[in-house]
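Have a look at the structure below, then the notes.
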Amino acid sequence: MRMRLNTFAIISLLALFFMLSTGSSCNKKNKYVPVEENPVGPQFEADSAFAYCYQQCAFGPRMMNSISHDECGKWIASKFESFGCEVELQEASLKGYDGTMLKSTNIIAHFQPEKPRHILLCAHWDSRPWADNDPDSANWHTPVMAANDGASGVAVMMEVARLLQQTDSLDLGVDFVCFDAEDWGAPQWSDHSGEDTWALGSQYWASHHPTTPYQTLFGILLDMVGGQGAQFYQEGMSLRYAPSVVNYVWRAAHAAGYSSYFPMSTGGGVTDDHIPVNEKAGIPTIDIINHYPDCRESSFGPTWHTVFDDMNHIDKNTLKAVGQTVIQVLFTL
């Protein structure tokens, strides 16, 4: 649900829209103007993010209705609390594609909630129960460790939260949301199908998004942001819902020095947590998600929904590129 805007908020949003729209890559009449490197904000510590990713995986696969899932959720909430965030747990019983009732918990952490302008950062924290894209069919019912597809996005958000606690120069509030029940979508070996079987936690969050005393300017979803050899093309649904935000974030990546990770090229459209956030919560939100155009196994990369999505295939350089880009975005608004 979107709040009514007061005069100050309207003026601020108009100014932001003008800033984001200038030189938009979606306007074919405008040529892309190269961005001069000018990093701002604190240095994102990739070693720290890597450790947060490792610690999530140490609980084991975090599939729904499991002890490892519940214990990891408690740990995630406690980490955000330790970074000075106000944490709330949004619990719900959600029905999976096969009728299974899923004990879901969206973990919501607010940094500087008193600020009038906020940015939404989000990722999913559950892991895929089945490695249904594994090259070995014997693994199709094996849970995925989900180091990249889940843990990496949460790890980047944790490191951002840790750094924000150490600075008093950010004139923004940040809402970190760890969505649950994203990866219970119907497996390839089942007779079920449907895009609405995915992203159950974000669907619930977006449908119950309350009126807030602040304005959320836009959101950034982080999904699979730690893989080896990853690049982050401009995702198709993000360009549909929030093209000016895509342009702003990709230019921030180039200014931070990570143009090789964020090419000014379009990738495919993805069914992901940002869809309900756009459609139901009304928050313009983009997806930073890896895209491998030449990968034979999957355009999401060779480890996607396989038993190989583990810490051995997480790259600190990738975590650094994404994390520093997020810092650049926050400290240039």
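Residue numbering restarts at 1 in every chain; chains get A, B, ... in the order shown in the structure tokens, and ligands count up from 1 in that same order.
Excluding Ala51 of chain A and any residue on its chain fewer than 5 positions from it, the residues at most 10 Å away by only C-alpha atoms are Ala46, Gln56, Cys57, Ala155, Glu159 and Lys316 of chain A.
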Quick one: which segment 57-82 of chain A residues come within 8 Å of segment 102-124 of chain A, and what is the nearest atom pair for each with the distance in Å to one decimal, counting only C-alpha atoms, rows ordered by chain and ascending number, as a tab-separated table?
residue	atom	partner	partner_atom	distance
A:Met64	CA	A:Leu102	CA	6.2
A:Asn65	CA	A:Lys103	CA	5.9
A:Gly73	CA	A:Ile107	CA	7.7
A:Ile76	CA	A:Ile107	CA	7.9
A:Ala77	CA	A:Ile107	CA	6.5
A:Phe80	CA	A:Ala109	CA	6.4
A:Glu81	CA	A:Ala109	CA	7.7
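Among the candidate residues A:Trp184, A:Tyr258, A:Phe50, A:Tyr248, the one lying nearest to Asp132 of chain A is A:Trp184, with distances computed using only C-alpha atoms.
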Counting only C-alpha atoms, which residues in segment 141-256 of chain A sit no more than 8 Å from segment 88-95 of chain A? For each one, give the nearest pair of atoms and the distance in Å, sorted by chain then residue number, as CSV.
residue,atom,partner,partner_atom,distance
A:Leu200,CA,A:Leu94,CA,7.1
A:Gly201,CA,A:Leu94,CA,8.0
A:Trp205,CA,A:Gln90,CA,7.9
Write the residues of the preceding selection, restricted to C-alpha atoms, as a CSV table (one decimal), in the first residue's frame.
chain,number,residue,atom,x,y,z
A,200,LEU,CA,5.8,-16.8,-1.7
A,201,GLY,CA,7.4,-14.8,1.1
A,205,TRP,CA,5.1,-9.1,2.4
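The residue that comes closest to Asp149 of chain A, out of A:Ile288, A:Ala131, A:Val329, A:Met224 and on the basis of only C-alpha atoms, is A:Met224.
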Problem set entry | Contacts of Pro276 of chain A at 12 Å (only C-alpha atoms; same-chain gap of 3+ positions) as a PyMOL selection string | chain A and resi 1+179+182+195-196+198-209+219+221+237-238+241+271-273+279-286
